[in-house]
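Enquirer: Next up is a structure, given as structure tokens.
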Amino acid sequence: MKDAIEQNQIIKNCLGGSRHFCLQALSGEGIDSIAFGHWLAIPSQQLLLVFRHQQCVAIDHYQVAA
């Protein structure tokens with residue numbers, strides 16, 4: 001697994017990319033993700049990649065509910 005700095009750079013590189021590109025980039029670097037709706041969750045970083053028209057337009061943080 002990549003360290004946090006490398007993971008963050010890989011995730012930032014997804015911004016502007018297609019959903020397919022982001023899934024491949026994350027998977028290729030061993031970063032687990034969960035695809036649902038207009039989002040792609042990255043549990044290890046508690047991040048959501050937000051997609052509009054299959055393009056990543058934002059990266060948001062989320063909190064795990066108790």
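In the structure tokens, chains take letters A, B, ... by order of appearance, with residues numbered from 1 within each chain and ligands from 1 in the order shown.
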Could you give me, as an MDAnalysis selection string, the residues within 9 Å of Gln54 in chain A, counting only C-alpha atoms and dropping anything in the same chain fewer than 5 positions from it?
Expert: chainID A and resid 17:20 38
Enquirer: Determine, counting only C-alpha atoms, which protein, DNA and RNA residues have an atom within 7 Å of an atom of Ile42 in chain A; residues of the same chain fewer than 6 positions away are not included. Present the result as a list of chain:residue names.
Expert: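 Listing them by chain and then by number gives A:Asp32, A:Ser33, A:Ile34, A:Leu48.
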Enquirer: Go ahead and write the residues just picked, N, CA, C and O atoms, as an mmCIF file, in the first residue's frame.
Expert:
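The resulting file, part.cif, is shown below:
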data_model
loop_
_atom_site.group_PDB
_atom_site.id
_atom_site.type_symbol
_atom_site.label_atom_id
_atom_site.label_comp_id
_atom_site.auth_asym_id
_atom_site.auth_seq_id
_atom_site.Cartn_x
_atom_site.Cartn_y
_atom_site.Cartn_z
ATOM 1 N N ASP A 32 -8.491 0.932 -2.130
ATOM 2 C CA ASP A 32 -9.851 0.415 -2.194
ATOM 3 C C ASP A 32 -10.851 1.543 -2.378
ATOM 4 O O ASP A 32 -10.700 2.622 -1.808
ATOM 5 N N SER A 33 -11.887 1.274 -3.179
ATOM 6 C CA SER A 33 -12.942 2.256 -3.391
ATOM 7 C C SER A 33 -14.272 1.535 -3.537
ATOM 8 O O SER A 33 -14.318 0.344 -3.830
ATOM 9 N N ILE A 34 -15.341 2.288 -3.308
ATOM 10 C CA ILE A 34 -16.698 1.755 -3.427
ATOM 11 C C ILE A 34 -17.480 2.697 -4.333
ATOM 12 O O ILE A 34 -17.632 3.884 -4.022
ATOM 13 N N LEU A 48 -14.920 11.248 -0.724
ATOM 14 C CA LEU A 48 -15.849 10.945 -1.806
ATOM 15 C C LEU A 48 -15.400 11.698 -3.045
ATOM 16 O O LEU A 48 -15.154 12.905 -2.986
#
Enquirer: Please list as number ranges by chain every residue within 8 Å of Gly16 in chain A, counting only C-alpha atoms and excluding residues in the same chain fewer than 2 positions away.
Expert: A: 13-14, 18, 55-57
Enquirer: Create the file for the chosen residues now, containing N, CA and C atoms and written as a PDB file, in the first residue's frame.
Expert:
ATOM      1  N   ASN A  13      -5.118  13.491  -8.613  1.00  0.00           N
ATOM      2  CA  ASN A  13      -4.995  13.331 -10.060  1.00  0.00           C
ATOM      3  C   ASN A  13      -6.299  12.874 -10.699  1.00  0.00           C
ATOM      4  N   CYS A  14      -7.217  12.340  -9.895  1.00  0.00           N
ATOM      5  CA  CYS A  14      -8.514  11.907 -10.421  1.00  0.00           C
ATOM      6  C   CYS A  14      -9.410  13.088 -10.763  1.00  0.00           C
ATOM      7  N   SER A  18     -12.247  10.813 -15.876  1.00  0.00           N
ATOM      8  CA  SER A  18     -13.483  10.046 -16.021  1.00  0.00           C
ATOM      9  C   SER A  18     -13.623   9.056 -14.863  1.00  0.00           C
ATOM     10  N   GLN A  55     -17.592  12.609 -15.056  1.00  0.00           N
ATOM     11  CA  GLN A  55     -16.315  13.300 -14.845  1.00  0.00           C
ATOM     12  C   GLN A  55     -16.218  13.717 -13.379  1.00  0.00           C
ATOM     13  N   CYS A  56     -15.044  13.503 -12.772  1.00  0.00           N
ATOM     14  CA  CYS A  56     -14.824  13.862 -11.372  1.00  0.00           C
ATOM     15  C   CYS A  56     -14.739  15.381 -11.253  1.00  0.00           C
ATOM     16  N   VAL A  57     -15.694  15.957 -10.499  1.00  0.00           N
ATOM     17  CA  VAL A  57     -15.754  17.413 -10.385  1.00  0.00           C
ATOM     18  C   VAL A  57     -15.407  17.920  -8.987  1.00  0.00           C
TER      19      VAL A  57
END
Enquirer: DSSP on the backbone: which residues in chain A end up as helix (DSSP H, G or I)? Give the answer as a VMD selection string.
Expert: chain A and resid 4 to 14 19 to 28
Enquirer: What lies within 9 Å of Ile11 in chain A using only C-alpha atoms, ignoring chain neighbours under 6 positions off, as a list in words?
Expert: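 Neighbouring residues, sequence-local ones excluded: Cys22, Ala25, Leu26, Leu49 and Ile59 of chain A.
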Enquirer: Could the residues in this selection be written to a file with all heavy atoms, as a PDB file, in the first residue's frame?
Expert:
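Saved as again.pdb:
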ATOM      1  N   CYS A  22     -10.569   7.043 -12.907  1.00  0.00           N
ATOM      2  CA  CYS A  22     -10.383   7.078 -11.450  1.00  0.00           C
ATOM      3  C   CYS A  22     -10.398   5.666 -10.864  1.00  0.00           C
ATOM      4  O   CYS A  22      -9.550   5.337 -10.027  1.00  0.00           O
ATOM      5  CB  CYS A  22     -11.463   7.933 -10.798  1.00  0.00           C
ATOM      6  SG  CYS A  22     -11.356   9.679 -11.247  1.00  0.00           S
ATOM      7  N   ALA A  25      -7.087   4.025 -11.812  1.00  0.00           N
ATOM      8  CA  ALA A  25      -5.947   4.623 -11.110  1.00  0.00           C
ATOM      9  C   ALA A  25      -5.909   4.155  -9.655  1.00  0.00           C
ATOM     10  O   ALA A  25      -4.846   3.777  -9.145  1.00  0.00           O
ATOM     11  CB  ALA A  25      -6.020   6.145 -11.178  1.00  0.00           C
ATOM     12  N   LEU A  26      -7.050   4.181  -8.985  1.00  0.00           N
ATOM     13  CA  LEU A  26      -7.106   3.758  -7.586  1.00  0.00           C
ATOM     14  C   LEU A  26      -6.810   2.273  -7.451  1.00  0.00           C
ATOM     15  O   LEU A  26      -6.005   1.858  -6.616  1.00  0.00           O
ATOM     16  CB  LEU A  26      -8.480   4.089  -6.994  1.00  0.00           C
ATOM     17  CG  LEU A  26      -8.820   5.576  -6.904  1.00  0.00           C
ATOM     18  CD1 LEU A  26     -10.281   5.757  -6.528  1.00  0.00           C
ATOM     19  CD2 LEU A  26      -7.907   6.290  -5.934  1.00  0.00           C
ATOM     20  N   LEU A  49     -15.284  10.986  -4.140  1.00  0.00           N
ATOM     21  CA  LEU A  49     -15.087  11.635  -5.429  1.00  0.00           C
ATOM     22  C   LEU A  49     -16.485  11.844  -5.998  1.00  0.00           C
ATOM     23  O   LEU A  49     -17.279  10.915  -6.052  1.00  0.00           O
ATOM     24  CB  LEU A  49     -14.259  10.768  -6.374  1.00  0.00           C
ATOM     25  CG  LEU A  49     -12.864  10.364  -5.896  1.00  0.00           C
ATOM     26  CD1 LEU A  49     -12.151   9.564  -6.984  1.00  0.00           C
ATOM     27  CD2 LEU A  49     -12.045  11.554  -5.485  1.00  0.00           C
ATOM     28  N   ILE A  59     -13.823  16.626  -4.736  1.00  0.00           N
ATOM     29  CA  ILE A  59     -13.370  15.651  -3.756  1.00  0.00           C
ATOM     30  C   ILE A  59     -13.830  16.175  -2.388  1.00  0.00           C
ATOM     31  O   ILE A  59     -13.462  17.282  -2.002  1.00  0.00           O
ATOM     32  CB  ILE A  59     -11.838  15.481  -3.773  1.00  0.00           C
ATOM     33  CG1 ILE A  59     -11.387  15.011  -5.154  1.00  0.00           C
ATOM     34  CG2 ILE A  59     -11.399  14.499  -2.688  1.00  0.00           C
ATOM     35  CD1 ILE A  59      -9.868  14.988  -5.345  1.00  0.00           C
TER      36      ILE A  59
END
Enquirer: Work out how far apart CA of Gln24 in chain A and CA of Leu40 in chain A are and give it in Å to one decimal.
Expert: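 One can read the CA of Gln24 in chain A to CA of Leu40 in chain A distance as 12.1 Å.
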Enquirer: Can you work out the spacing between CA of Ala4 in chain A and CA of Ser44 in chain A in Å, to one decimal?
Expert: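 According to the coordinates, CA of Ala4 in chain A and CA of Ser44 in chain A are separated by 9.5 Å.
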